[in-house]
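Data file: model02.tsv. Format and content: TSV, C-alpha atoms and all ligand atoms.
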```tsv
chain	number	residue	atom	x	y	z
A	1	MET	CA	92.74	124.26	155.23
A	2	ASP	CA	95.95	122.41	154.16
A	3	TRP	CA	93.84	119.93	152.24
A	4	ILE	CA	93.23	122.49	149.52
A	5	GLU	CA	96.95	122.90	148.91
A	6	ARG	CA	97.41	119.11	148.86
A	7	TYR	CA	94.52	118.69	146.44
A	8	LEU	CA	95.89	121.31	144.04
A	9	THR	CA	99.41	119.91	144.18
A	10	GLU	CA	98.11	116.47	143.33
A	11	LEU	CA	96.13	117.85	140.40
A	12	ASN	CA	99.26	119.57	139.16
A	13	ASP	CA	101.31	116.36	139.49
A	14	ARG	CA	98.74	114.57	137.31
A	15	ASN	CA	98.75	117.37	134.68
A	16	LEU	CA	95.10	118.02	135.48
A	17	TYR	CA	95.50	121.44	137.10
A	18	ARG	CA	93.34	124.06	135.44
A	19	GLU	CA	93.98	127.75	135.10
A	20	ARG	CA	92.41	130.64	133.27
A	21	VAL	CA	94.28	132.37	130.48
A	22	LEU	CA	93.76	136.02	129.54
A	23	ARG	CA	92.55	136.06	125.95
A	24	LYS	CA	94.15	139.42	125.27
A	25	ASP	CA	96.19	139.72	122.03
A	26	LEU	CA	95.80	136.06	121.12
A	27	ILE	CA	94.12	134.51	118.08
A	28	ASP	CA	91.24	132.69	119.73
A	29	LEU	CA	90.82	129.32	118.05
A	30	CYS	CA	88.74	127.72	120.78
A	31	SER	CA	85.76	130.00	121.36
A	32	ASN	CA	82.21	128.99	120.48
A	33	ASP	CA	81.54	132.25	118.65
A	34	TYR	CA	81.18	130.27	115.40
A	35	LEU	CA	79.69	133.09	113.32
A	36	GLY	CA	81.62	135.98	114.84
A	37	LEU	CA	78.37	137.54	116.01
A	38	ARG	CA	79.52	138.81	119.38
A	39	ASN	CA	81.26	141.71	117.64
A	40	HIS	CA	78.77	142.21	114.81
A	41	PRO	CA	78.13	145.98	114.57
A	42	GLN	CA	74.32	145.54	114.51
A	43	VAL	CA	74.39	143.25	117.54
A	44	VAL	CA	76.59	145.66	119.47
A	45	GLU	CA	74.42	148.62	118.42
A	46	GLU	CA	71.17	146.99	119.59
A	47	ALA	CA	72.71	146.11	122.94
A	48	ARG	CA	74.18	149.63	123.30
A	49	LYS	CA	70.84	151.32	122.62
A	50	VAL	CA	69.05	149.27	125.27
A	51	LEU	CA	71.94	149.69	127.71
A	52	GLU	CA	71.56	153.47	127.44
A	53	GLU	CA	67.77	153.39	127.67
A	54	GLU	CA	67.30	150.80	130.41
A	55	GLY	CA	70.63	150.39	132.20
A	56	LEU	CA	72.54	147.21	132.82
A	57	GLY	CA	70.71	144.62	134.88
A	58	SER	CA	67.10	143.44	134.82
A	59	GLY	CA	66.68	144.02	138.55
A	60	ALA	CA	64.60	140.94	139.36
A	61	SER	CA	63.62	137.45	138.30
A	62	GLN	CA	61.28	136.83	135.34
A	63	LEU	CA	58.39	136.17	137.71
A	64	VAL	CA	58.84	139.38	139.68
A	65	SER	CA	59.60	142.41	137.46
A	66	GLY	CA	62.48	141.09	135.35
A	67	TRP	CA	60.56	140.11	132.21
A	68	THR	CA	60.65	143.03	129.75
A	69	GLU	CA	59.68	143.55	126.14
A	70	HIS	CA	63.31	142.69	125.26
A	71	HIS	CA	62.94	139.28	126.89
A	72	ARG	CA	59.61	138.70	125.18
A	73	GLU	CA	60.88	139.73	121.74
A	74	LEU	CA	63.89	137.45	122.11
A	75	GLU	CA	61.66	134.51	123.07
A	76	GLU	CA	59.49	135.16	120.02
A	77	VAL	CA	62.38	135.20	117.58
A	78	LEU	CA	63.90	132.08	119.17
A	79	ALA	CA	60.62	130.19	118.78
A	80	ARG	CA	60.66	131.25	115.13
A	81	LEU	CA	64.27	130.06	114.76
A	82	LYS	CA	63.46	126.67	116.24
A	83	GLY	CA	60.07	126.26	114.60
A	84	THR	CA	58.25	125.72	117.90
A	85	PRO	CA	55.06	127.26	119.29
A	86	SER	CA	56.79	128.67	122.36
A	87	CYS	CA	60.08	129.58	124.05
A	88	VAL	CA	61.23	130.58	127.53
A	89	LEU	CA	64.56	132.11	128.55
A	90	PHE	CA	67.04	130.89	131.16
A	91	GLY	CA	70.15	132.56	132.59
A	92	SER	CA	72.59	130.10	130.96
A	93	GLY	CA	72.76	126.70	129.32
A	94	TYR	CA	73.83	125.18	132.61
A	95	LEU	CA	70.79	126.68	134.34
A	96	ALA	CA	68.43	125.62	131.53
A	97	ASN	CA	69.57	122.01	131.80
A	98	ILE	CA	69.58	121.76	135.59
A	99	GLY	CA	66.18	123.45	135.75
A	100	THR	CA	64.34	121.75	132.91
A	101	ILE	CA	65.48	118.13	133.10
A	102	PRO	CA	64.47	117.73	136.79
A	103	ALA	CA	61.17	119.45	135.96
A	104	LEU	CA	60.49	116.83	133.27
A	105	ALA	CA	61.59	113.70	135.12
A	106	GLY	CA	61.72	113.02	138.84
A	107	GLU	CA	61.71	110.21	141.34
A	108	GLY	CA	60.12	107.13	139.78
A	109	ASP	CA	60.80	108.27	136.18
A	110	LEU	CA	63.51	107.13	133.78
A	111	ILE	CA	66.15	109.21	131.97
A	112	LEU	CA	68.24	107.72	129.17
A	113	SER	CA	71.35	109.82	128.59
A	114	ASP	CA	74.14	109.61	125.98
A	115	GLN	CA	77.53	108.76	127.50
A	116	LEU	CA	79.13	111.95	126.14
A	117	ASN	CA	76.42	114.42	127.15
A	118	HIS	CA	77.56	117.74	128.57
A	119	ALA	CA	78.39	118.01	132.29
A	120	SER	CA	75.34	120.19	132.90
A	121	ILE	CA	73.13	117.32	131.68
A	122	ILE	CA	74.93	114.88	133.97
A	123	ASP	CA	74.34	117.23	136.90
A	124	ALA	CA	70.71	117.70	135.85
A	125	CYS	CA	70.13	113.93	135.82
A	126	ARG	CA	71.62	113.67	139.31
A	127	LEU	CA	69.45	116.53	140.57
A	128	SER	CA	66.30	115.01	139.09
A	129	ARG	CA	66.46	111.86	141.28
A	130	ALA	CA	65.06	109.93	138.32
A	131	LYS	CA	66.63	106.56	137.54
A	132	THR	CA	69.30	107.44	134.95
A	133	ILE	CA	70.74	104.92	132.50
A	134	VAL	CA	73.65	106.03	130.34
A	135	TYR	CA	73.70	104.53	126.85
A	136	ARG	CA	76.92	104.13	124.87
A	137	HIS	CA	77.81	107.20	122.81
A	138	ARG	CA	75.60	107.33	119.69
A	139	ASP	CA	74.82	103.62	120.06
A	140	TYR	CA	71.11	103.52	119.31
A	141	ASP	CA	70.94	99.72	119.35
A	142	HIS	CA	72.00	100.02	122.97
A	143	LEU	CA	69.38	102.69	123.56
A	144	LYS	CA	66.72	100.48	121.98
A	145	ASP	CA	67.76	97.48	124.10
A	146	ILE	CA	67.36	99.56	127.25
A	147	LEU	CA	63.97	100.83	126.10
A	148	ARG	CA	62.81	97.28	125.34
A	149	LYS	CA	63.80	96.12	128.84
A	150	GLU	CA	62.84	99.16	130.90
A	151	ARG	CA	60.06	101.09	129.17
A	152	GLU	CA	57.13	99.21	130.69
A	153	ASN	CA	58.40	99.83	134.24
A	154	TYR	CA	57.99	103.60	134.02
A	155	THR	CA	55.23	106.04	133.20
A	156	LYS	CA	57.51	108.89	132.09
A	157	VAL	CA	60.71	108.34	130.11
A	158	LEU	CA	63.03	111.08	128.85
A	159	ILE	CA	65.78	110.52	126.26
A	160	VAL	CA	68.44	113.22	126.58
A	161	THR	CA	71.15	113.99	124.07
A	162	ASP	CA	73.48	116.73	122.92
A	163	SER	CA	72.81	117.20	119.20
A	164	LEU	CA	76.31	118.42	118.32
A	165	PHE	CA	78.67	116.97	120.92
A	166	SER	CA	80.80	119.72	122.38
A	167	MET	CA	84.12	117.90	122.81
A	168	ASP	CA	84.05	115.49	119.85
A	169	GLY	CA	82.20	117.55	117.25
A	170	ASP	CA	80.04	114.63	116.10
A	171	VAL	CA	76.27	114.72	115.69
A	172	ALA	CA	73.57	112.57	117.33
A	173	ASP	CA	71.32	110.70	114.92
A	174	LEU	CA	68.14	112.51	115.80
A	175	ALA	CA	66.12	110.76	113.11
A	176	THR	CA	66.69	107.43	114.88
A	177	ILE	CA	66.20	108.88	118.36
A	178	ILE	CA	62.89	110.46	117.38
A	179	GLU	CA	61.73	107.22	115.73
A	180	LEU	CA	62.53	105.39	118.98
A	181	SER	CA	60.73	108.05	121.00
A	182	GLU	CA	57.60	107.44	118.94
A	183	GLU	CA	57.84	103.66	119.09
A	184	PHE	CA	58.36	103.69	122.88
A	185	GLU	CA	56.35	106.83	123.66
A	186	THR	CA	59.06	108.87	125.35
A	187	MET	CA	59.97	112.54	125.53
A	188	VAL	CA	63.18	113.70	123.75
A	189	TYR	CA	65.35	116.46	125.18
A	190	ILE	CA	67.81	117.91	122.66
A	191	ASP	CA	70.69	120.10	123.83
A	192	ASP	CA	71.20	122.24	120.72
A	193	ALA	CA	73.85	124.47	122.32
A	194	HIS	CA	76.47	124.01	119.59
A	195	ALA	CA	74.05	123.19	116.76
A	196	THR	CA	72.21	126.51	116.94
A	197	GLY	CA	73.69	128.74	114.23
A	198	THR	CA	75.92	125.97	112.88
A	199	LEU	CA	73.72	123.09	111.65
A	200	GLY	CA	71.21	123.20	108.82
A	201	LYS	CA	70.86	126.79	107.69
A	202	GLY	CA	71.38	127.96	111.24
A	203	LYS	CA	68.20	126.72	112.89
A	204	GLY	CA	69.98	123.74	114.37
A	205	SER	CA	69.74	119.98	114.51
A	206	LEU	CA	66.08	119.48	113.54
A	207	GLU	CA	66.66	121.49	110.38
A	208	HIS	CA	69.84	119.49	109.70
A	209	PHE	CA	67.79	116.27	109.75
A	210	GLY	CA	64.74	117.78	108.03
A	211	ILE	CA	62.56	116.99	111.05
A	212	THR	CA	59.63	119.21	111.94
A	213	PHE	CA	58.83	119.89	115.57
A	214	ARG	CA	56.47	117.54	117.37
A	215	GLU	CA	55.04	117.74	120.85
A	216	ASN	CA	57.28	115.21	122.60
A	217	ILE	CA	60.42	117.21	121.65
A	218	ILE	CA	62.01	119.71	124.02
A	219	ILE	CA	64.80	121.83	122.53
A	220	MET	CA	67.35	123.57	124.68
A	221	GLY	CA	69.72	126.09	123.11
A	222	THR	CA	72.24	128.64	124.34
A	223	LEU	CA	72.74	132.29	123.46
A	224	SER	CA	76.39	131.92	124.43
A	225	LYS	CA	77.77	130.14	121.38
A	226	ALA	CA	76.93	131.02	117.73
A	227	ILE	CA	74.46	133.69	118.93
A	228	GLY	CA	77.44	135.43	120.53
A	229	ALA	CA	75.80	136.57	123.77
A	230	TYR	CA	75.01	134.88	127.09
A	231	GLY	CA	71.97	133.00	128.32
A	232	ALA	CA	69.84	130.12	127.13
A	233	PHE	CA	66.33	129.02	126.22
A	234	ILE	CA	63.93	126.12	126.05
A	235	CYS	CA	61.66	125.74	123.04
A	236	GLY	CA	58.61	123.50	122.90
A	237	THR	CA	54.85	123.62	123.25
A	238	GLU	CA	52.97	126.45	124.98
A	239	LYS	CA	52.05	124.03	127.77
A	240	LEU	CA	55.70	123.10	128.28
A	241	THR	CA	56.89	126.70	128.73
A	242	GLU	CA	53.90	127.45	130.98
A	243	TYR	CA	54.86	124.41	133.06
A	244	LEU	CA	58.54	125.44	133.27
A	245	ILE	CA	57.62	128.97	134.36
A	246	ASN	CA	55.77	127.31	137.23
A	247	THR	CA	58.27	124.60	138.15
A	248	ALA	CA	61.86	125.11	136.90
A	249	ARG	CA	63.73	126.26	139.99
A	250	SER	CA	66.66	127.73	138.03
A	251	LEU	CA	64.21	129.99	136.21
A	252	ILE	CA	62.07	130.98	139.18
A	253	PHE	CA	64.76	131.64	141.78
A	254	THR	CA	67.25	133.67	139.77
A	255	THR	CA	67.49	137.12	138.23
A	256	SER	CA	66.58	137.29	134.55
A	257	LEU	CA	69.01	138.16	131.75
A	258	PRO	CA	70.12	141.79	131.40
A	259	PRO	CA	67.90	143.57	128.82
A	260	PRO	CA	70.88	144.74	126.66
A	261	VAL	CA	71.97	141.10	126.33
A	262	CYS	CA	68.45	140.17	125.19
A	263	ALA	CA	68.40	142.97	122.62
A	264	GLY	CA	71.83	142.05	121.21
A	265	ALA	CA	70.93	138.36	121.12
A	266	ARG	CA	67.62	139.13	119.41
A	267	ARG	CA	69.44	140.97	116.62
A	268	ALA	CA	71.95	138.09	116.33
A	269	VAL	CA	69.12	135.55	115.89
A	270	GLU	CA	67.48	137.78	113.27
A	271	LEU	CA	70.82	137.95	111.44
A	272	ILE	CA	71.05	134.13	111.47
A	273	LEU	CA	67.55	133.95	109.98
A	274	GLU	CA	68.39	136.61	107.37
A	275	ASN	CA	71.66	134.93	106.34
A	276	PRO	CA	71.02	131.24	105.70
A	277	GLY	CA	74.26	131.07	103.67
A	278	TRP	CA	76.48	131.62	106.73
A	279	CYS	CA	76.28	127.97	107.75
A	280	ASP	CA	77.46	126.87	104.30
A	281	GLU	CA	80.39	129.29	104.58
A	282	LEU	CA	81.19	127.88	108.02
A	283	ARG	CA	81.02	124.31	106.68
A	284	ASP	CA	83.39	125.22	103.78
A	285	LEU	CA	85.85	126.84	106.16
A	286	SER	CA	85.65	123.87	108.56
A	287	GLU	CA	86.18	121.39	105.75
A	288	HIS	CA	89.19	123.30	104.43
A	289	THR	CA	90.67	123.50	107.94
A	290	ALA	CA	90.13	119.79	108.57
A	291	LYS	CA	91.80	118.94	105.25
A	292	ILE	CA	94.97	120.86	106.06
A	293	LEU	CA	95.08	119.48	109.63
A	294	LYS	CA	94.63	115.87	108.52
A	295	VAL	CA	98.22	115.74	107.23
A	296	LEU	CA	99.58	116.40	110.73
A	297	PRO	CA	100.99	113.58	112.87
A	298	ALA	CA	97.97	113.64	115.21
A	299	GLU	CA	94.45	112.20	115.28
A	300	VAL	CA	92.21	114.86	113.77
A	301	ILE	CA	88.49	114.14	114.12
A	302	TYR	CA	86.29	115.83	111.55
A	303	SER	CA	82.54	115.20	111.53
A	304	GLY	CA	81.45	117.97	109.17
A	305	THR	CA	81.05	120.49	111.99
A	306	PRO	CA	83.14	123.45	113.21
A	307	ILE	CA	84.37	121.53	116.30
A	308	ILE	CA	87.56	119.76	115.22
A	309	PRO	CA	89.36	117.95	118.05
A	310	ILE	CA	93.04	117.21	117.59
A	311	VAL	CA	93.53	114.26	119.91
A	312	ILE	CA	96.99	114.26	121.45
A	313	GLY	CA	96.60	111.56	124.10
A	314	GLU	CA	98.81	112.25	127.10
A	315	GLU	CA	97.67	115.15	129.28
A	316	SER	CA	101.23	116.52	129.67
A	317	LYS	CA	101.81	116.57	125.91
A	318	ALA	CA	98.51	118.37	125.24
A	319	LEU	CA	99.35	120.93	127.92
A	320	SER	CA	102.79	121.58	126.56
A	321	LEU	CA	101.32	122.06	123.07
A	322	GLU	CA	98.87	124.59	124.47
A	323	VAL	CA	101.66	126.57	126.11
A	324	ASN	CA	103.83	126.40	123.01
A	325	LEU	CA	100.99	127.58	120.75
A	326	ARG	CA	100.26	130.44	123.13
A	327	SER	CA	103.83	131.63	122.87
A	328	LYS	CA	103.22	131.84	119.12
A	329	GLY	CA	100.02	133.86	119.50
A	330	TYR	CA	97.33	131.14	119.36
A	331	LEU	CA	94.85	130.35	122.10
A	332	VAL	CA	93.72	126.72	121.85
A	333	LYS	CA	93.05	125.09	125.20
A	334	ALA	CA	94.08	121.56	126.06
A	335	ILE	CA	90.95	119.69	127.08
A	336	ARG	CA	91.71	116.99	129.63
A	337	TYR	CA	90.13	114.56	132.04
A	338	PRO	CA	87.46	114.73	133.46
A	339	THR	CA	86.02	116.75	130.53
A	340	VAL	CA	87.23	113.97	128.21
A	341	GLU	CA	88.44	110.41	128.87
A	342	LYS	CA	91.82	109.96	130.59
A	343	GLY	CA	94.62	109.60	128.01
A	344	ARG	CA	92.46	111.23	125.29
A	345	ALA	CA	93.54	114.82	125.98
A	346	ARG	CA	93.04	117.05	123.00
A	347	LEU	CA	93.27	120.47	121.52
A	348	ARG	CA	89.68	121.42	120.81
A	349	LEU	CA	89.94	123.59	117.73
A	350	THR	CA	86.82	125.48	116.71
A	351	VAL	CA	86.33	127.14	113.36
A	352	SER	CA	84.74	130.56	113.24
A	353	LEU	CA	83.78	132.96	110.46
A	354	ARG	CA	85.69	135.58	112.51
A	355	TYR	CA	88.80	134.24	110.82
A	356	SER	CA	89.88	133.53	107.23
A	357	ARG	CA	91.29	130.40	105.61
A	358	LYS	CA	94.73	131.99	105.95
A	359	THR	CA	94.44	132.09	109.76
A	360	TYR	CA	93.80	128.33	109.90
A	361	GLU	CA	96.49	127.59	107.29
A	362	ASP	CA	99.06	129.58	109.29
A	363	PHE	CA	97.96	127.83	112.48
A	364	ALA	CA	98.35	124.38	110.87
A	365	GLU	CA	101.87	125.28	109.78
A	366	VAL	CA	102.83	126.44	113.28
A	367	LEU	CA	101.28	123.32	114.85
A	368	GLU	CA	103.12	121.08	112.42
A	369	GLY	CA	106.40	122.76	113.37
A	370	ILE	CA	105.77	122.19	117.07
A	371	LEU	CA	104.62	118.59	116.65
A	372	SER	CA	107.62	117.64	114.55
A	373	GLY	CA	109.98	118.95	117.24
A	374	MET	CA	108.26	117.05	120.09
B	1	LIG	C1	76.32	120.94	125.12
B	1	LIG	C2	76.33	122.06	126.10
B	1	LIG	N1	75.27	122.24	126.90
B	1	LIG	C3	75.24	123.24	127.80
B	1	LIG	C4	76.28	124.12	127.94
B	1	LIG	C5	76.20	125.19	128.98
B	1	LIG	O1	75.90	126.40	128.38
B	1	LIG	P1	76.28	127.79	129.08
B	1	LIG	O2	77.73	128.01	128.79
B	1	LIG	O3	75.39	128.79	128.45
B	1	LIG	O4	76.02	127.60	130.54
B	1	LIG	C6	77.40	123.97	127.12
B	1	LIG	C7	78.57	124.88	127.15
B	1	LIG	O5	79.06	125.40	128.02
B	1	LIG	C8	77.45	122.90	126.19
B	1	LIG	O6	78.53	122.71	125.45
```
Can you give me the file's structure in the form of structure tokens?
Ligand SMILES: Cc1ncc(COP(=O)(O)O)c(C=O)c1O
Amino acid sequence: MDWIERYLTELNDRNLYRERVLRKDLIDLCSNDYLGLRNHPQVVEEARKVLEEEGLGSGASQLVSGWTEHHRELEEVLARLKGTPSCVLFGSGYLANIGTIPALAGEGDLILSDQLNHASIIDACRLSRAKTIVYRHRDYDHLKDILRKERENYTKVLIVTDSLFSMDGDVADLATIIELSEEFETMVYIDDAHATGTLGKGKGSLEHFGITFRENIIIMGTLSKAIGAYGAFICGTEKLTEYLINTARSLIFTTSLPPPVCAGARRAVELILENPGWCDELRDLSEHTAKILKVLPAEVIYSGTPIIPIVIGEESKALSLEVNLRSKGYLVKAIRYPTVEKGRARLRLTVSLRYSRKTYEDFAEVLEGILSGM
């Protein structure tokens, strides 16, 4: 088993070694809990009540005995959030992607995938055995060129994109993608993991673009980010969810979400629906944070979203910044290859309503101090 040691040593030599850090006692400026909902008293209370009534786990998969009224109620409120006729739950965003994408496109079909899509989408495309062509990041002329050349050779074509890109914080132009999907008669799969609770008034990317749901759209979202829980869902037509219940292997062959998680998440989604102003508050806080960071000697990318990457470049420099910031009480992880391009290592700062302007102002001051001494 020496090869493991050699592999890890080599990773370390290249500054690509990864380790987990205990979050305890640190100001967490890299979580995806954009609205601070994981600690919201009403969310915690709902989960606690169901925990006491029903216990912890669901005991079985959705298709055996693991689909309860808490699962059903959560699906109903998620369909309302996304403006779709139907919704079905999955155990996580990773599972939703690797289960749904291969159910939609298989051998002999075509998938067109944005270059910066999340790793779970990349894995899903591989698992599907469909021909996958990666188009340049947010380059819809490129996407159109591929469609012009390839569309007629396939019966089923699926365009797949993150809506809010997790590592860069920029937003896919869904208006253009959906226009192309209509012109070329394709399906569109939108990974709304980071957009749910942060774009529009909280409903996500379709609301942001003022687009109403149509049948060729499949929306995936997670419960693990702004909703503050764990798990994921697919929203679409009734036929789609019926089909996934019958075909998506990562839904059929796995235990369903714990009922207390469903109850807490359901309350969190209701709170998002009841508080459409939260997204504006989050945008204001993100804009303020970006403005104070922009004066730093680093490349700060701000796309009007709460994901603000501070691109450092060299992996070793990003790592040493992470360690230095931790010693000053801030948890901001260095994101490195292969999650992002080599030589484009970054601190991925996320803005959350958990914290005030002052927190981000203090952080910027500390970061400036460290950068100027480097
Ligand atoms: C765009 C995107 N899709 C999918 C996932 C996977 O979601 P989950 O963490 O619920 O597995 C993530 C985050 O981890 C993500 O950023």
I want to know what sits within 8 Å of Ile227 in chain A, based on all atoms listed in the file, with residues of the same chain fewer than 6 positions away left out; could you give that as a JSON list (two decimals) with C-alpha atoms, in the coordinates of the input?
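Dumped everything to around.json:
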```json
[["chain", "number", "residue", "atom", "x", "y", "z"],
["A", 33, "ASP", "CA", 81.54, 132.25, 118.65],
["A", 35, "LEU", "CA", 79.69, 133.09, 113.32],
["A", 37, "LEU", "CA", 78.37, 137.54, 116.01],
["A", 38, "ARG", "CA", 79.52, 138.81, 119.38],
["A", 196, "THR", "CA", 72.21, 126.51, 116.94],
["A", 197, "GLY", "CA", 73.69, 128.74, 114.23],
["A", 265, "ALA", "CA", 70.93, 138.36, 121.12],
["A", 268, "ALA", "CA", 71.95, 138.09, 116.33],
["A", 269, "VAL", "CA", 69.12, 135.55, 115.89]]
```
Q.
Can you measure CA of Pro41 in chain A to CA of Lys225 in chain A for me? One decimal in Å is fine.
A. 17.2 Å
**Q.** Shell of 9 Å around ligand LIG 1 (chain B) (only C-alpha atoms and all ligand atoms), written as a VMD selection string
**A.** chain A and resid 32 91 to 97 117 to 121 161 to 167 191 to 195 220 to 225 230 to 232
Q.
So that I can check the surroundings of Lys131 in chain A, please list as a list in words every protein, DNA and RNA residue that reaches within 8 Å of it, counting all atoms listed in the file and ignoring chain neighbours fewer than 5 positions away.
A.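 The residues satisfying every condition are Glu107, Gly108, Asp109, Leu110 and Ile111 of chain A.
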Q.
I'd like the neighbourhood of range 133-139 of chain A as JSON, numbers by chain, where a residue qualifies if any of its atoms comes within 6 Å (using only C-alpha atoms), though same-chain residues fewer than 2 positions away should be ignored.
A. {"A": [112, 113, 114, 115, 116, 141, 142, 143]}
**Q.** Spatial sel., origin (91.7, 138.0, 120.0), limit 12 Å, all atoms listed in the file, listed as JSON, numbers by chain
**A.** {"A": [22, 23, 24, 25, 26, 27, 28, 29, 30, 31, 33, 36, 39, 326, 329, 330, 331, 332, 354, 355]}
Export C-alpha atoms of the chosen residues as a PDB file, in the frame of the given file?
```pdb
ATOM      1  CA  LEU A  22      93.760 136.020 129.540  1.00  0.00           C
ATOM      2  CA  ARG A  23      92.550 136.060 125.950  1.00  0.00           C
ATOM      3  CA  LYS A  24      94.150 139.420 125.270  1.00  0.00           C
ATOM      4  CA  ASP A  25      96.190 139.720 122.030  1.00  0.00           C
ATOM      5  CA  LEU A  26      95.800 136.060 121.120  1.00  0.00           C
ATOM      6  CA  ILE A  27      94.120 134.510 118.080  1.00  0.00           C
ATOM      7  CA  ASP A  28      91.240 132.690 119.730  1.00  0.00           C
ATOM      8  CA  LEU A  29      90.820 129.320 118.050  1.00  0.00           C
ATOM      9  CA  CYS A  30      88.740 127.720 120.780  1.00  0.00           C
ATOM     10  CA  SER A  31      85.760 130.000 121.360  1.00  0.00           C
ATOM     11  CA  ASP A  33      81.540 132.250 118.650  1.00  0.00           C
ATOM     12  CA  GLY A  36      81.620 135.980 114.840  1.00  0.00           C
ATOM     13  CA  ASN A  39      81.260 141.710 117.640  1.00  0.00           C
ATOM     14  CA  ARG A 326     100.260 130.440 123.130  1.00  0.00           C
ATOM     15  CA  GLY A 329     100.020 133.860 119.500  1.00  0.00           C
ATOM     16  CA  TYR A 330      97.330 131.140 119.360  1.00  0.00           C
ATOM     17  CA  LEU A 331      94.850 130.350 122.100  1.00  0.00           C
ATOM     18  CA  VAL A 332      93.720 126.720 121.850  1.00  0.00           C
ATOM     19  CA  ARG A 354      85.690 135.580 112.510  1.00  0.00           C
ATOM     20  CA  TYR A 355      88.800 134.240 110.820  1.00  0.00           C
TER      21      TYR A 355
END
```
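CA of Thr254 in chain A to CA of Leu127 in chain A spans 17.3 Å [interatomic distance, one decimal].
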Q | Selected residue of minimal separation from Val300 in chain A among A:Gly169, A:Gly202, A:Pro258, A:Gly369, counting only C-alpha atoms | A |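 Of the candidates, the smallest distance to Val300 in chain A is held by A:Gly169.
Distance annotation: of A:Ala60, A:Val88, A:Val366, A:Leu78, the residue with the minimal separation from Glu242 in chain A is A:Val88; atom set is only C-alpha atoms.
The list of residues with at least one atom within 6 Å of Glu315 in chain A, based on all atoms listed in the file and without residues fewer than 2 positions apart in the same chain, reads Asn15, Lys317, Ala318 and Ala345 of chain A.
In this structure, CA of Glu185 in chain A sits 7.9 Å away from CA of Val157 in chain A.
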Q. Which polymer residues have any atom within 10 Å of an atom of Thr84 in chain A, counting all atoms listed in the file, with same-chain residues fewer than 2 positions away left out, as a PyMOL selection string?
A. chain A and resi 76+78-82+86-87+212-215+217-219+234-238
Put those residues in a file: C-alpha atoms, as a tab-separated table (two decimals), in the frame of the given file.
```tsv
chain	number	residue	atom	x	y	z
A	76	GLU	CA	59.49	135.16	120.02
A	78	LEU	CA	63.90	132.08	119.17
A	79	ALA	CA	60.62	130.19	118.78
A	80	ARG	CA	60.66	131.25	115.13
A	81	LEU	CA	64.27	130.06	114.76
A	82	LYS	CA	63.46	126.67	116.24
A	86	SER	CA	56.79	128.67	122.36
A	87	CYS	CA	60.08	129.58	124.05
A	212	THR	CA	59.63	119.21	111.94
A	213	PHE	CA	58.83	119.89	115.57
A	214	ARG	CA	56.47	117.54	117.37
A	215	GLU	CA	55.04	117.74	120.85
A	217	ILE	CA	60.42	117.21	121.65
A	218	ILE	CA	62.01	119.71	124.02
A	219	ILE	CA	64.80	121.83	122.53
A	234	ILE	CA	63.93	126.12	126.05
A	235	CYS	CA	61.66	125.74	123.04
A	236	GLY	CA	58.61	123.50	122.90
A	237	THR	CA	54.85	123.62	123.25
A	238	GLU	CA	52.97	126.45	124.98
```
Q: For each of A:Ala364, A:Leu271, A:Ile252, A:Ala263, take the minimum atom-to-atom distance to Lys203 in chain A, counting all atoms listed in the file, then give the residue where this is smallest.
A: A:Leu271
(Q) Measuring between only C-alpha atoms, which one of A:Gly277, A:Gly343, A:Pro306, A:Gly83 shows the shortest distance to Arg14 in chain A? (A)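 Among A:Gly277, A:Gly343, A:Pro306, A:Gly83, it is A:Gly343 that comes nearest to Arg14 in chain A.
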Q. Which of these residues is nearest to Lys291 in chain A, using all atoms listed in the file: A:Val323, A:Glu361, A:Leu371, A:Ile245?
A.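 Nearest candidate to Lys291 in chain A out of A:Val323, A:Glu361, A:Leu371, A:Ile245: A:Glu361.
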